[in-house]
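What's in run_9.cif: mmCIF, C-alpha atoms
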data_coords
loop_
_atom_site.label_atom_id
_atom_site.label_comp_id
_atom_site.auth_asym_id
_atom_site.auth_seq_id
_atom_site.Cartn_x
_atom_site.Cartn_y
_atom_site.Cartn_z
CA MET V 1 42.01 69.34 -82.23
CA GLY V 2 38.21 69.10 -82.43
CA THR V 3 35.59 71.33 -80.93
CA ASN V 4 32.50 70.83 -78.85
CA GLY V 5 30.17 68.34 -80.52
CA SER V 6 27.20 70.67 -80.39
CA THR V 7 28.88 73.14 -82.74
CA MET V 8 26.84 74.03 -85.79
CA LEU V 9 28.91 74.09 -88.98
CA ASP V 10 28.14 77.14 -91.07
CA PHE V 11 27.70 75.32 -94.37
CA GLU V 12 24.16 75.57 -95.71
CA PRO V 13 24.36 72.17 -97.46
CA LEU V 14 25.22 70.42 -94.20
CA ARG V 15 22.36 72.13 -92.40
CA GLN V 16 20.09 70.74 -95.10
CA GLY V 17 21.61 67.28 -94.60
CA LEU V 18 22.59 67.05 -98.26
CA PRO V 19 25.86 67.29 -100.16
CA PRO V 20 26.26 70.64 -101.93
CA ILE V 21 25.18 70.66 -105.57
CA ASP V 22 26.79 73.94 -106.68
CA PRO V 23 29.93 72.82 -108.56
CA SER V 24 31.68 76.13 -107.83
CA ALA V 25 31.28 75.61 -104.06
CA VAL V 26 32.56 72.06 -103.82
CA SER V 27 35.28 70.27 -105.74
CA GLY V 28 34.01 66.78 -104.93
CA SER V 29 30.98 65.10 -103.40
CA ALA V 30 30.11 61.42 -102.97
CA THR V 31 27.29 59.64 -101.16
CA CYS V 32 26.95 56.04 -100.01
CA THR V 33 23.74 54.46 -98.68
CA LEU V 34 24.48 51.87 -96.00
CA PRO V 35 22.43 48.84 -94.97
CA ALA V 36 21.33 48.51 -91.34
CA ARG V 37 24.00 45.93 -90.50
CA TYR V 38 27.30 46.31 -88.68
CA GLU V 39 29.09 44.91 -91.75
CA ALA V 40 28.22 48.26 -93.35
CA VAL V 41 31.08 49.87 -91.42
CA GLY V 42 33.58 47.98 -93.58
CA GLY V 43 31.70 49.06 -96.69
CA ALA V 44 31.84 52.67 -95.49
CA ARG V 45 35.62 52.40 -95.08
CA GLN V 46 35.98 50.93 -98.59
CA PHE V 47 33.81 53.70 -100.02
CA THR V 48 35.94 56.26 -98.17
CA ARG V 49 39.18 54.74 -99.47
CA SER V 50 38.06 54.73 -103.09
CA THR V 51 36.62 58.25 -102.85
CA LEU V 52 39.72 59.74 -101.20
CA THR V 53 41.98 57.94 -103.69
CA GLY V 54 39.96 59.40 -106.55
CA TRP V 55 40.36 62.86 -105.06
CA GLY V 56 44.12 62.43 -104.56
CA LEU V 57 43.76 62.40 -100.76
CA SER V 58 45.00 58.87 -99.99
CA GLU V 59 47.34 60.20 -97.31
CA ARG V 60 44.30 61.32 -95.26
CA PHE V 61 42.63 57.90 -95.35
CA ASP V 62 43.65 56.61 -91.89
CA ASP V 63 42.24 59.55 -89.91
CA VAL V 64 39.15 59.98 -92.07
CA ALA V 65 38.39 56.23 -92.09
CA LEU V 66 38.61 56.05 -88.30
CA VAL V 67 36.14 58.93 -87.98
CA VAL V 68 33.82 57.46 -90.64
CA SER V 69 33.90 54.11 -88.82
CA GLU V 70 32.95 55.72 -85.51
CA LEU V 71 30.16 57.87 -86.98
CA VAL V 72 28.64 54.96 -88.92
CA THR V 73 28.93 52.63 -85.92
CA ASN V 74 27.20 55.22 -83.71
CA ALA V 75 24.41 55.60 -86.27
CA LEU V 76 23.90 51.84 -86.46
CA ARG V 77 24.12 51.29 -82.70
CA HIS V 78 22.20 54.27 -81.35
CA ALA V 79 20.03 55.68 -84.14
CA LEU V 80 18.16 52.70 -85.53
CA PRO V 81 15.02 51.36 -83.87
CA SER V 82 15.77 48.13 -82.03
CA ASP V 83 12.21 46.78 -82.31
CA VAL V 84 12.31 46.43 -86.12
CA PRO V 85 14.32 43.62 -87.75
CA ARG V 86 17.31 45.27 -89.41
CA GLU V 87 16.97 43.15 -92.54
CA SER V 88 13.55 44.63 -93.28
CA GLN V 89 14.56 48.27 -92.88
CA ASP V 90 15.28 50.49 -95.85
CA PRO V 91 18.88 51.68 -95.72
CA PRO V 92 18.41 54.62 -93.34
CA VAL V 93 22.09 55.54 -92.89
CA ARG V 94 23.90 57.60 -95.49
CA LEU V 95 27.54 58.63 -95.64
CA HIS V 96 28.38 61.86 -97.45
CA LEU V 97 31.94 62.90 -98.28
CA MET V 98 32.39 66.47 -99.47
CA ARG V 99 35.63 68.09 -100.54
CA TRP V 100 36.41 71.73 -100.91
CA THR V 101 39.85 73.12 -101.77
CA SER V 102 40.92 73.47 -98.15
CA ARG V 103 38.62 71.12 -96.23
CA LEU V 104 36.98 67.72 -96.29
CA VAL V 105 33.73 66.92 -94.51
CA CYS V 106 32.36 63.49 -93.75
CA ALA V 107 28.73 63.49 -92.67
CA VAL V 108 26.56 60.58 -91.56
CA ARG V 109 22.80 60.97 -91.77
CA ASP V 110 20.52 58.71 -89.71
CA PRO V 111 16.84 58.61 -88.72
CA SER V 112 17.26 59.45 -85.03
CA GLN V 113 16.47 62.90 -83.69
CA SER V 114 18.51 62.26 -80.54
CA SER V 115 21.67 64.29 -80.24
CA PRO V 116 24.98 62.45 -80.09
CA VAL V 117 26.40 62.43 -76.57
CA ALA V 118 30.08 62.08 -75.80
CA SER V 119 30.47 60.00 -72.68
CA GLN V 120 33.35 59.23 -70.37
CA ALA V 121 33.99 55.50 -70.75
CA PRO V 122 35.75 53.62 -67.96
CA ASP V 123 39.26 52.41 -68.81
CA SER V 124 38.04 48.81 -68.86
CA ALA V 125 35.11 49.52 -71.24
CA GLU V 126 35.23 48.04 -74.74
CA SER V 127 33.12 50.85 -76.22
CA GLY V 128 31.98 54.38 -75.46
CA ARG V 129 34.91 56.36 -76.87
CA GLY V 130 33.62 56.97 -80.41
CA LEU V 131 32.91 60.69 -80.19
CA PHE V 132 36.14 61.23 -78.25
CA LEU V 133 37.98 59.67 -81.21
CA VAL V 134 36.01 61.78 -83.68
CA GLU V 135 36.98 64.90 -81.73
CA SER V 136 40.61 63.79 -81.48
CA PHE V 137 41.13 62.94 -85.15
CA SER V 138 39.09 65.66 -86.87
CA ASP V 139 39.54 69.42 -86.75
CA SER V 140 35.94 69.95 -85.63
CA TRP V 141 32.67 68.08 -85.49
CA GLY V 142 29.04 68.72 -84.76
CA TRP V 143 25.51 67.75 -85.65
CA HIS V 144 22.18 69.20 -86.70
CA PRO V 145 18.66 68.00 -87.47
CA SER V 146 18.18 66.87 -91.06
CA PRO V 147 15.24 67.20 -93.41
CA ALA V 148 12.98 64.26 -94.17
CA LEU V 149 14.83 61.08 -95.10
CA GLY V 150 13.97 59.23 -98.27
CA ALA V 151 11.53 59.96 -101.06
CA ASP V 152 8.94 57.51 -99.72
CA SER V 153 8.55 59.35 -96.43
CA ALA V 154 6.92 62.37 -98.07
CA SER V 155 4.36 60.25 -99.92
CA SER V 156 3.40 58.36 -96.78
CA GLY V 157 2.44 61.60 -95.07
CA ALA V 158 4.82 61.07 -92.15
CA ALA V 159 8.18 62.62 -92.92
CA LEU V 160 10.99 60.80 -91.19
CA ARG V 161 13.40 63.31 -89.78
CA GLY V 162 16.75 62.54 -88.35
CA LYS V 163 20.12 64.12 -87.88
CA VAL V 164 23.44 64.63 -89.59
CA VAL V 165 26.63 64.17 -87.60
CA TRP V 166 29.63 65.66 -89.37
CA ALA V 167 33.39 65.93 -88.97
CA LEU V 168 35.62 68.45 -90.70
CA PHE V 169 39.22 67.90 -91.75
CA ARG V 170 41.41 70.78 -92.88
CA LEU V 171 43.45 70.04 -95.98
CA SER V 172 46.83 71.54 -96.75
CA ASP V 173 46.90 74.52 -99.12
CA SER V 174 48.75 72.45 -101.71
CA VAL V 175 45.77 70.11 -102.22
#

Write-out of the structure in structure tokens:
Amino acid sequence: MGTNGSTMLDFEPLRQGLPPIDPSAVSGSATCTLPARYEAVGGARQFTRSTLTGWGLSERFDDVALVVSELVTNALRHALPSDVPRESQDPPVRLHLMRWTSRLVCAVRDPSQSSPVASQAPDSAESGRGLFLVESFSDSWGWHPSPALGADSASSGAALRGKVVWALFRLSDSV
């Protein structure tokens, strides 16, 4: 179902790491800033449910929520510095949901510049299958570097760059 994770999606807004702002290009866009705590995954699912319900896409919730959960968990687990107390960090993870007539994209932006790596987890492992699930439940996925994160980074002189990991879902023509 999905494609190689290194695929670059040809949507200019995703390459910029931001939801599109041209109302003629997108029929819906929503963004959620997430705290640097694992409890944020549940908040991301709730945000996804309410957004999809508002867009009349409730029937897509299960697949999209699973992918959102995996992308947010990966961002929290692998993209945040471990030497800084999570409570003191500004919310560095953002979830973007973007809807066009025939597709839905969920994108998670985080401060790490490291590329996501799909690994082969042993059968007995309790984790390590996140990107496999993203690939299995979405129509395609990929990632790209993002622009500076947060307004404060530009004023401090050291722009914090990161990445955006996205997953695309095709919607039926009747939506």

Discussion item. Could you list, as number ranges by chain, every residue within 7 Å of His96 (chain V), counting all atoms listed in the file and ignoring same-chain residues fewer than 4 positions away?
Written reply: V: 19, 30-32, 106-108

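Take CA of Leu104 (chain V) and CA of Phe169 (chain V): the distance between them is 5.1 Å.
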
Discussion item. As a list in words, please: the residues near Arg109 (chain V) (cut-off 9 Å, only C-alpha atoms, same-chain neighbours under 3 positions excluded).
Written reply: Gly17, Leu18, Val72, Ala75, Pro92, Val93, Arg94, Leu95, His96, Ser112, Ser146, Leu149, Gly162, Lys163, Val164, Val165 and Trp166 of chain V

Practice prompt. Counting all atoms listed in the file, figure out which residue out of V:Leu171, V:Asn74, V:Phe47, V:Leu34 gets nearest to Val105 (chain V).
Written response: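 The closest residue to Val105 (chain V) is V:Leu171.
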
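The spacing separating CA of Asp63 (chain V) from CA of Arg77 (chain V) amounts to 21.2 Å.
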
Worksheet item: From the set V:Ser114, V:Ser140, V:Thr33, V:Ser102, which residue has the shortest atom-to-atom contact distance to Arg161 (chain V), counting all atoms listed in the file?
Response: V:Ser114

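From CA of Gly54 (chain V) back to CA of Ser136 (chain V), the distance works out to 25.5 Å.
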
Practice prompt. Counting all atoms listed in the file, figure out which residue out of V:Leu97, V:Ala40, V:Leu168, V:Leu52 gets nearest to Ser69 (chain V).
Written response: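 Closest candidate: V:Ala40.
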
Practice prompt. Starting from the point (42.3, 70.7, -99.2), work out which residues of protein, DNA or RNA have an atom no more than 10 Å away when counting only C-alpha atoms; state them as a list of chain:residue names.
Written response: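 Residues with an atom close enough to that point: V:Ser27, V:Trp55, V:Leu57, V:Arg99, V:Trp100, V:Thr101, V:Ser102, V:Arg103, V:Leu104, V:Phe169, V:Arg170, V:Leu171, V:Ser172, V:Asp173, V:Ser174, V:Val175.
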
Item to complete: Select, from V:Val41, V:Pro35, V:His144, V:Gly28, the residue with the minimum atom-to-atom distance to Val67 (chain V), counting all atoms listed in the file.
Response: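 Among the listed residues, the smallest separation from Val67 (chain V) belongs to V:Val41.
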
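Checking V:Pro116, V:Arg37, V:Thr48, V:Gly43 one by one against Trp141 (chain V), counting only C-alpha atoms, you find the shortest gap at V:Pro116.
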
Worksheet item: So which one's closest to Val64 (chain V), V:Asp110, V:Gly142, V:His78, V:Arg45? Using only C-alpha atoms, please.
Response: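 Ranked by minimum distance to Val64 (chain V), first place goes to V:Arg45.
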